[in-house]
>>> print(open('upload-v6.cif').read())   # mmCIF, C-alpha atoms
data_my_file
#
loop_
_atom_site.label_atom_id
_atom_site.label_comp_id
_atom_site.auth_asym_id
_atom_site.auth_seq_id
_atom_site.Cartn_x
_atom_site.Cartn_y
_atom_site.Cartn_z
CA MET A 1 0.00 0.00 0.00
CA ASN A 2 1.32 3.44 -0.98
CA VAL A 3 0.64 5.49 2.16
CA GLY A 4 2.25 8.76 1.01
CA PRO A 5 -0.92 9.99 -0.74
CA TYR A 6 -2.97 9.07 2.32
CA ILE A 7 -0.70 11.12 4.58
CA ILE A 8 -0.98 14.02 2.14
CA GLY A 9 -4.77 13.77 1.90
CA ALA A 10 -5.22 13.39 5.65
CA THR A 11 -2.99 16.37 6.45
CA THR A 12 -4.19 18.80 3.78
CA ASP A 13 -7.80 18.04 4.76
CA VAL A 14 -7.14 18.96 8.41
CA PHE A 15 -5.42 22.23 7.50
CA SER A 16 -7.89 23.32 4.83
CA THR A 17 -10.92 22.48 6.99
CA MET A 18 -9.79 23.67 10.41
CA LEU A 19 -7.36 26.47 9.51
CA MET A 20 -8.43 27.39 5.98
CA VAL A 21 -4.80 27.01 4.89
CA ASP A 22 -3.77 25.38 1.62
CA LEU A 23 -0.51 23.59 2.35
CA GLY A 24 2.37 23.14 -0.07
CA VAL A 25 3.19 19.44 -0.36
CA GLY A 26 6.68 17.98 -0.76
CA GLU A 27 7.72 14.56 -2.02
CA PRO A 28 7.12 11.69 0.41
CA VAL A 29 10.37 10.17 1.72
CA GLU A 30 10.51 6.42 2.34
CA GLY A 31 13.00 5.04 4.82
CA ALA A 32 15.55 7.25 6.57
CA GLY A 33 15.99 10.92 5.78
CA GLY A 34 13.93 13.99 5.17
CA ASP A 35 14.21 15.13 8.77
CA ILE A 36 13.73 18.81 9.59
CA LEU A 37 14.73 20.93 12.55
CA SER A 38 11.84 20.44 14.97
CA ASN A 39 11.09 22.24 18.22
CA ILE A 40 7.91 20.36 18.98
CA THR A 41 6.76 16.87 18.08
CA ALA A 42 3.29 15.50 18.68
CA MET A 43 2.89 11.76 18.33
CA LEU A 44 0.33 9.10 18.92
CA GLY A 45 0.45 5.35 18.90
CA LEU A 46 -1.44 3.15 16.48
CA GLY A 47 -2.70 -0.33 17.27
CA GLY A 48 -4.99 -2.95 15.83
CA ASP A 49 -4.25 -4.32 12.38
CA ILE A 50 -1.13 -2.21 12.24
CA ARG A 51 1.07 -1.01 15.07
CA GLY A 52 3.15 2.07 14.89
CA MET A 53 3.22 5.78 15.41
CA LEU A 54 2.14 8.95 13.69
CA ALA A 55 4.23 12.04 14.44
CA VAL A 56 3.98 15.71 13.48
CA HIS A 57 7.32 17.54 13.71
CA CYS A 58 7.20 21.34 13.72
CA PRO A 59 9.65 24.21 14.07
CA ALA A 60 8.51 26.71 16.68
CA THR A 61 7.36 29.25 14.08
CA VAL A 62 4.98 26.80 12.43
CA ALA A 63 3.67 25.43 15.72
CA MET A 64 2.93 28.94 17.01
CA ALA A 65 1.31 29.96 13.71
CA ILE A 66 -0.98 26.92 13.80
CA THR A 67 -1.95 27.61 17.40
CA SER A 68 -2.52 31.32 16.75
CA SER A 69 -4.83 30.44 13.89
CA PHE A 70 -6.66 27.83 15.96
CA LEU A 71 -7.22 30.11 18.93
CA GLY A 72 -7.55 33.44 17.15
CA MET A 73 -4.89 35.06 19.32
CA ASP A 74 -1.17 35.86 19.15
CA ILE A 75 1.12 33.12 20.48
CA ASP A 76 4.81 33.89 21.04
CA GLU A 77 6.10 30.92 23.04
CA LEU A 78 5.86 27.12 23.00
CA ASN A 79 3.37 26.92 25.85
CA GLU A 80 0.73 24.37 26.84
CA ASP A 81 -1.70 25.73 24.24
CA VAL A 82 0.83 24.98 21.49
CA LYS A 83 1.47 21.44 22.77
CA ASP A 84 -2.27 20.85 22.94
CA ALA A 85 -2.94 22.30 19.47
CA ILE A 86 -0.20 20.29 17.71
CA GLY A 87 -1.37 17.17 19.56
CA GLU A 88 -4.87 17.77 18.24
CA ILE A 89 -3.51 18.25 14.70
CA ALA A 90 -1.78 14.84 15.01
CA ASN A 91 -5.00 13.35 16.37
CA MET A 92 -7.10 14.58 13.44
CA ILE A 93 -4.53 13.48 10.85
CA ALA A 94 -4.47 10.03 12.48
CA GLY A 95 -8.27 9.96 12.43
CA ASN A 96 -8.28 10.63 8.70
CA LEU A 97 -5.62 7.94 8.17
CA LYS A 98 -7.70 5.52 10.20
CA ALA A 99 -10.59 6.08 7.78
CA ALA A 100 -8.26 5.62 4.80
CA PHE A 101 -6.86 2.35 6.18
CA ALA A 102 -10.40 1.18 6.89
CA GLY A 103 -10.97 1.43 3.15
CA HIS A 104 -8.34 -1.30 2.80
CA GLY A 105 -10.10 -3.45 5.38
CA MET A 106 -7.61 -2.54 8.13
CA LYS A 107 -8.91 -1.56 11.55
CA ILE A 108 -6.71 0.84 13.52
CA GLU A 109 -7.00 1.94 17.13
CA LEU A 110 -5.69 5.39 18.09
CA ALA A 111 -3.95 6.23 21.34
CA LEU A 112 -4.04 9.69 22.90
CA PRO A 113 -1.52 12.18 21.49
CA THR A 114 1.59 13.27 23.38
CA SER A 115 3.62 16.40 22.64
CA ILE A 116 7.34 16.94 23.32
CA VAL A 117 9.07 20.33 23.25
CA GLY A 118 12.83 20.64 22.91
CA THR A 119 15.74 21.46 20.63
CA SER A 120 17.64 18.18 20.63
CA PHE A 121 15.66 14.97 20.63
CA ARG A 122 15.03 12.00 18.35
CA VAL A 123 12.11 9.63 18.19
CA ALA A 124 13.54 6.14 17.84
CA GLY A 125 12.25 2.58 17.93
CA MET A 126 10.47 0.00 15.80
CA LEU A 127 13.51 -1.14 13.83
CA GLU A 128 11.45 -3.28 11.48
CA ALA A 129 8.89 -0.59 10.80
CA ARG A 130 8.21 1.01 7.46
CA ARG A 131 8.71 4.77 7.62
CA VAL A 132 7.12 7.34 5.33
CA ALA A 133 7.62 11.06 5.96
CA VAL A 134 6.01 13.91 4.03
CA PRO A 135 7.24 17.52 4.23
CA PHE A 136 4.62 20.25 4.06
CA ASP A 137 4.98 23.98 3.56
CA MET A 138 2.82 26.37 5.54
CA GLU A 139 3.29 29.97 4.48
CA GLY A 140 7.00 29.50 3.74
CA SER A 141 7.93 27.27 6.69
CA GLN A 142 8.23 23.50 6.62
CA PHE A 143 6.87 20.85 8.95
CA LEU A 144 6.94 17.06 8.66
CA VAL A 145 4.33 14.34 9.11
CA GLU A 146 5.86 10.92 9.72
CA LEU A 147 4.22 7.51 9.82
CA LYS A 148 6.06 4.44 11.12
CA TYR A 149 4.17 1.20 11.01
CA ILE A 150 4.26 -2.57 10.90
CA VAL A 151 1.33 -4.52 9.48
CA ASN A 152 0.31 -7.16 12.01
CA GLY A 153 -0.16 -10.74 10.98
CA MET B 1 -31.87 30.98 22.22
CA GLY B 2 -31.67 30.17 25.88
CA HIS B 3 -29.68 26.97 25.82
CA ASN B 4 -26.76 25.78 27.90
CA VAL B 5 -24.19 23.53 26.24
CA LEU B 6 -21.43 21.36 27.68
CA LEU B 7 -18.26 20.76 25.63
CA VAL B 8 -16.32 17.63 26.62
CA ASP B 9 -12.84 17.20 25.15
CA ASP B 10 -9.40 16.59 26.63
CA SER B 11 -8.00 19.21 24.27
CA SER B 12 -8.56 22.74 25.60
CA THR B 13 -7.80 24.00 22.09
CA MET B 14 -10.57 21.87 20.64
CA ARG B 15 -13.05 23.05 23.28
CA LYS B 16 -12.29 26.65 22.28
CA ILE B 17 -12.62 25.83 18.58
CA VAL B 18 -15.95 24.09 19.08
CA GLY B 19 -17.22 27.01 21.14
CA ARG B 20 -16.13 29.46 18.45
CA SER B 21 -17.70 27.29 15.73
CA LEU B 22 -21.01 27.36 17.59
CA ARG B 23 -20.93 31.16 17.66
CA GLN B 24 -19.85 31.36 14.00
CA ALA B 25 -22.71 29.03 13.12
CA GLY B 26 -25.09 31.48 14.77
CA LEU B 27 -25.95 29.01 17.52
CA GLU B 28 -26.14 31.16 20.63
CA PHE B 29 -26.00 29.68 24.12
CA ASP B 30 -26.50 31.33 27.49
CA ASN B 31 -23.67 29.31 28.99
CA ILE B 32 -20.92 27.18 27.49
CA TYR B 33 -19.58 24.78 30.12
CA GLU B 34 -16.40 22.77 29.56
CA ALA B 35 -15.06 19.45 30.84
CA ALA B 36 -11.80 17.66 30.00
CA ASP B 37 -13.12 14.10 30.28
CA GLY B 38 -16.23 12.05 30.96
CA LEU B 39 -15.79 12.08 34.72
CA LEU B 40 -15.66 15.87 34.85
CA ALA B 41 -18.60 16.04 32.43
CA LEU B 42 -20.73 14.00 34.84
CA GLU B 43 -19.79 16.44 37.60
CA VAL B 44 -20.97 19.38 35.49
CA LEU B 45 -24.24 17.61 34.68
CA GLU B 46 -24.80 17.02 38.42
CA LYS B 47 -24.52 20.74 39.15
CA GLU B 48 -25.72 22.64 36.08
CA SER B 49 -28.75 22.72 33.85
CA VAL B 50 -27.46 21.58 30.44
CA ASP B 51 -29.53 21.28 27.26
CA LEU B 52 -26.95 19.77 24.94
CA VAL B 53 -23.62 17.93 25.28
CA LEU B 54 -20.94 17.78 22.58
CA SER B 55 -18.45 15.07 23.53
CA ASP B 56 -15.20 13.68 22.20
CA ILE B 57 -14.74 9.90 22.33
CA ASN B 58 -11.02 9.30 22.98
CA MET B 59 -10.25 10.91 26.33
CA PRO B 60 -8.22 9.97 29.42
CA ASN B 61 -9.84 9.00 32.75
CA MET B 62 -13.28 8.39 31.23
CA ASP B 63 -13.82 8.16 27.47
CA GLY B 64 -16.92 9.29 25.61
CA ILE B 65 -18.48 5.83 25.37
CA THR B 66 -18.13 5.20 29.11
CA PHE B 67 -19.49 8.69 29.75
CA LEU B 68 -22.61 7.83 27.71
CA ARG B 69 -23.02 4.57 29.63
CA GLU B 70 -22.67 6.29 33.03
CA LYS B 71 -25.02 9.10 32.02
CA ALA B 72 -27.65 6.62 30.84
CA ASN B 73 -27.64 5.08 34.31
CA ARG B 74 -28.50 8.38 36.01
CA ALA B 75 -32.20 9.16 35.65
CA HIS B 76 -31.85 12.92 36.12
CA MET B 77 -29.44 13.32 33.21
CA LYS B 78 -30.11 10.39 30.90
CA ASP B 79 -32.39 12.40 28.56
CA ILE B 80 -29.90 15.23 27.92
CA PRO B 81 -28.97 14.86 24.23
CA VAL B 82 -25.34 14.16 23.30
CA PHE B 83 -23.63 14.65 19.95
CA MET B 84 -20.25 12.97 19.57
CA ILE B 85 -17.57 15.21 18.06
CA SER B 86 -14.54 13.13 17.33
CA THR B 87 -11.97 11.74 14.91
CA GLU B 88 -13.63 8.41 15.69
CA THR B 89 -16.57 8.22 13.31
CA GLY B 90 -16.42 4.61 12.13
CA ASP B 91 -19.75 2.81 11.96
CA ASP B 92 -18.89 0.48 14.86
CA ILE B 93 -18.16 3.15 17.42
CA ILE B 94 -20.90 5.55 16.28
CA ASN B 95 -23.48 2.75 16.39
CA GLU B 96 -22.27 1.90 19.90
CA ALA B 97 -22.59 5.57 20.89
CA LYS B 98 -26.09 5.77 19.44
CA ALA B 99 -27.12 2.60 21.22
CA LEU B 100 -26.07 4.35 24.43
CA GLY B 101 -28.16 7.42 23.64
CA ALA B 102 -26.02 9.67 21.41
CA VAL B 103 -28.22 11.46 18.89
CA GLY B 104 -25.59 12.21 16.25
CA ALA B 105 -21.93 12.74 15.41
CA ILE B 106 -19.69 15.42 13.96
CA LYS B 107 -16.38 14.33 12.45
CA LYS B 108 -13.17 16.19 13.19
CA PRO B 109 -11.96 18.10 11.25
CA PHE B 110 -15.08 20.23 10.86
CA THR B 111 -16.16 23.70 9.79
CA ALA B 112 -18.66 26.05 11.43
CA ASP B 113 -20.98 25.33 8.49
CA MET B 114 -20.86 21.60 9.22
CA VAL B 115 -21.65 22.29 12.89
CA SER B 116 -24.57 24.51 11.88
CA GLU B 117 -25.89 21.94 9.41
CA ILE B 118 -25.86 19.13 11.96
CA LEU B 119 -26.89 20.97 15.13
CA GLY B 120 -29.11 23.69 13.64
CA PRO B 121 -32.16 21.52 12.92
CA PHE B 122 -31.83 19.85 16.29
CA LEU B 123 -31.85 23.15 18.18
CA LYS B 124 -34.86 24.65 16.35
#
>>> encode(input="upload-v6.cif", output="structure tokens")
Amino acid sequence: MNVGPYIIGATTDVFSTMLMVDLGVGEPVEGAGGDILSNITAMLGLGGDIRGMLAVHCPATVAMAITSSFLGMDIDELNEDVKDAIGEIANMIAGNLKAAFAGHGMKIELALPTSIVGTSFRVAGMLEARRVAVPFDMEGSQFLVELKYIVNG
Amino acid sequence: MGHNVLLVDDSSTMRKIVGRSLRQAGLEFDNIYEAADGLLALEVLEKESVDLVLSDINMPNMDGITFLREKANRAHMKDIPVFMISTETGDDIINEAKALGAVGAIKKPFTADMVSEILGPFLK
């Protein structure tokens, strides 16, 4: 299954519907690479017919712009509102992916999102997992949506 | 319009967005109460007069399905209508929610127009 288009569809739908922003879409990267400098990562676990993780990696500027648009107020620091907003973005993208996977007869359970703020961290694990990452452009700044997964059975 | 609504979601951002969407949709409420999970929602329903509940499904402490089940067991609140508002809108979970008394569902992501279209007829 080619999941890149599903990640793109799931993500652009969330941004166009909730933020009225048309994202620029980069080429999906399979395997290692394509990482960007991230100041906040929101991730949530996937279970059921696949197991894995969906992560949204954002530089501070993008994360604050998303949160400002969500809340209709200026945001100038990576505070709890930003962690919550990026977590909810990850949650909605995962929800859209869940529906897309259901179209292939695969049932996915979603965990609750978790957000991490920092300047030097890596998300590691799941050595056997397939990884697909898609860069997006929001008003001149990039962020990354990454899916790591193993099909069960 | 003279209604009180309760928004149940573990995301404070989402509670604000839903509240704003209600206003943008022209759905006015006297009071908008908020709760971060099903347990806290039950506490609000014990204390306040609420005409409508909009509830997420995936939440810590008490999820939306358990909230519906607990609410259905309490005679003084069991008839308060609940719409689910969630990324979880598969047939299985929505049918389970409806069997427990939910009257409808709104899928995240959503627009104010979608909120108006789904809730408007119900509130008239």
>>> resolve_selection(input="upload-v6.cif", expression="the PyMOL selection byres ((chain B and resi 18) around 12)", output="CSV table (one decimal) with C-alpha atoms, keeping the file's coordinate frame")
chain,number,residue,atom,x,y,z
A,18,MET,CA,-9.8,23.7,10.4
A,70,PHE,CA,-6.7,27.8,16.0
A,71,LEU,CA,-7.2,30.1,18.9
B,5,VAL,CA,-24.2,23.5,26.2
B,6,LEU,CA,-21.4,21.4,27.7
B,7,LEU,CA,-18.3,20.8,25.6
B,8,VAL,CA,-16.3,17.6,26.6
B,9,ASP,CA,-12.8,17.2,25.2
B,11,SER,CA,-8.0,19.2,24.3
B,12,SER,CA,-8.6,22.7,25.6
B,13,THR,CA,-7.8,24.0,22.1
B,14,MET,CA,-10.6,21.9,20.6
B,15,ARG,CA,-13.0,23.0,23.3
B,16,LYS,CA,-12.3,26.6,22.3
B,17,ILE,CA,-12.6,25.8,18.6
B,19,GLY,CA,-17.2,27.0,21.1
B,20,ARG,CA,-16.1,29.5,18.4
B,21,SER,CA,-17.7,27.3,15.7
B,22,LEU,CA,-21.0,27.4,17.6
B,23,ARG,CA,-20.9,31.2,17.7
B,24,GLN,CA,-19.8,31.4,14.0
B,25,ALA,CA,-22.7,29.0,13.1
B,27,LEU,CA,-26.0,29.0,17.5
B,32,ILE,CA,-20.9,27.2,27.5
B,33,TYR,CA,-19.6,24.8,30.1
B,34,GLU,CA,-16.4,22.8,29.6
B,53,VAL,CA,-23.6,17.9,25.3
B,54,LEU,CA,-20.9,17.8,22.6
B,55,SER,CA,-18.4,15.1,23.5
B,56,ASP,CA,-15.2,13.7,22.2
B,84,MET,CA,-20.2,13.0,19.6
B,85,ILE,CA,-17.6,15.2,18.1
B,86,SER,CA,-14.5,13.1,17.3
B,106,ILE,CA,-19.7,15.4,14.0
B,107,LYS,CA,-16.4,14.3,12.4
B,108,LYS,CA,-13.2,16.2,13.2
B,109,PRO,CA,-12.0,18.1,11.2
B,110,PHE,CA,-15.1,20.2,10.9
B,111,THR,CA,-16.2,23.7,9.8
B,112,ALA,CA,-18.7,26.0,11.4
B,113,ASP,CA,-21.0,25.3,8.5
B,114,MET,CA,-20.9,21.6,9.2
B,115,VAL,CA,-21.6,22.3,12.9
B,116,SER,CA,-24.6,24.5,11.9
>>> atom_distance(input="upload-v6.cif", atom1="CA of Gly90 (chain B)", atom2="CA of Phe101 (chain A)")
11.5 Å
>>> resolve_selection(input="upload-v6.cif", expression="the PyMOL selection byres ((chain B and resi 58-72) around 8)", output="ChimeraX atom specification")
/A:111-112 /B:9-10,36-39,41-42,55-57,73-75,77-79,84,86,88,96-97,100-102
>>> interface_residues(input="upload-v6.cif", of="chain A", to="chain B", cutoff="9 Å", atoms="all atoms listed in the file", output="ChimeraX atom specification")
/A:13-15,17-18,67,70-71,81-82,84-85,87-88,91-96,98-99,102,110-112
>>> residues_around(input="upload-v6.cif", residues="Ile36 (chain A)", least_positions_apart="3", cutoff="10 Å", atoms="all atoms listed in the file", output="ChimeraX atom specification")
/A:33,39,57-59,135,142-144
>>> residues_near_point(input="upload-v6.cif", point="(4.2, 24.2, 8.7)", cutoff="12 Å", atoms="all atoms listed in the file", output="PyMOL selection string")
chain A and resi 11-12+15+19+21-26+36-40+56-67+86+89+134-145
>>> residues_around(input="upload-v6.cif", residues="Ile150 (chain A)", least_positions_apart="4", cutoff="10 Å", atoms="all atoms listed in the file", output="compact mmCIF listing (two decimals) with C-alpha atoms, in the frame of the given file")
# COMPACT_ATOMS: atom_id res chain seq x y z
CA LEU A 46 -1.44 3.15 16.48
CA GLY A 47 -2.70 -0.33 17.27
CA ASP A 49 -4.25 -4.32 12.38
CA ILE A 50 -1.13 -2.21 12.24
CA ARG A 51 1.07 -1.01 15.07
CA GLY A 52 3.15 2.07 14.89
CA MET A 53 3.22 5.78 15.41
CA MET A 126 10.47 0.00 15.80
CA LEU A 127 13.51 -1.14 13.83
CA GLU A 128 11.45 -3.28 11.48
CA ALA A 129 8.89 -0.59 10.80
CA ARG A 130 8.21 1.01 7.46
CA ARG A 131 8.71 4.77 7.62
>>> resolve_selection(input="upload-v6.cif", expression="the PyMOL selection byres ((chain A and resi 116-120) around 8)", output="mmCIF file with C-alpha atoms, in the coordinates of the input")
data_model
loop_
_atom_site.group_PDB
_atom_site.id
_atom_site.type_symbol
_atom_site.label_atom_id
_atom_site.label_comp_id
_atom_site.auth_asym_id
_atom_site.auth_seq_id
_atom_site.Cartn_x
_atom_site.Cartn_y
_atom_site.Cartn_z
ATOM 1 C CA SER A 38 11.840 20.440 14.970
ATOM 2 C CA ASN A 39 11.090 22.240 18.220
ATOM 3 C CA ILE A 40 7.910 20.360 18.980
ATOM 4 C CA THR A 41 6.760 16.870 18.080
ATOM 5 C CA ALA A 42 3.290 15.500 18.680
ATOM 6 C CA LEU A 78 5.860 27.120 23.000
ATOM 7 C CA LYS A 83 1.470 21.440 22.770
ATOM 8 C CA THR A 114 1.590 13.270 23.380
ATOM 9 C CA SER A 115 3.620 16.400 22.640
ATOM 10 C CA PHE A 121 15.660 14.970 20.630
ATOM 11 C CA ARG A 122 15.030 12.000 18.350
#
>>> atom_distance(input="upload-v6.cif", atom1="CA of Glu80 (chain A)", atom2="CA of Ser68 (chain A)")
12.7 Å
>>> closest_residue(input="upload-v6.cif", among="A:Ile8, A:Val123, A:Ile75, A:Val151", to="Gly48 (chain A)", atoms="only C-alpha atoms")
A:Val151
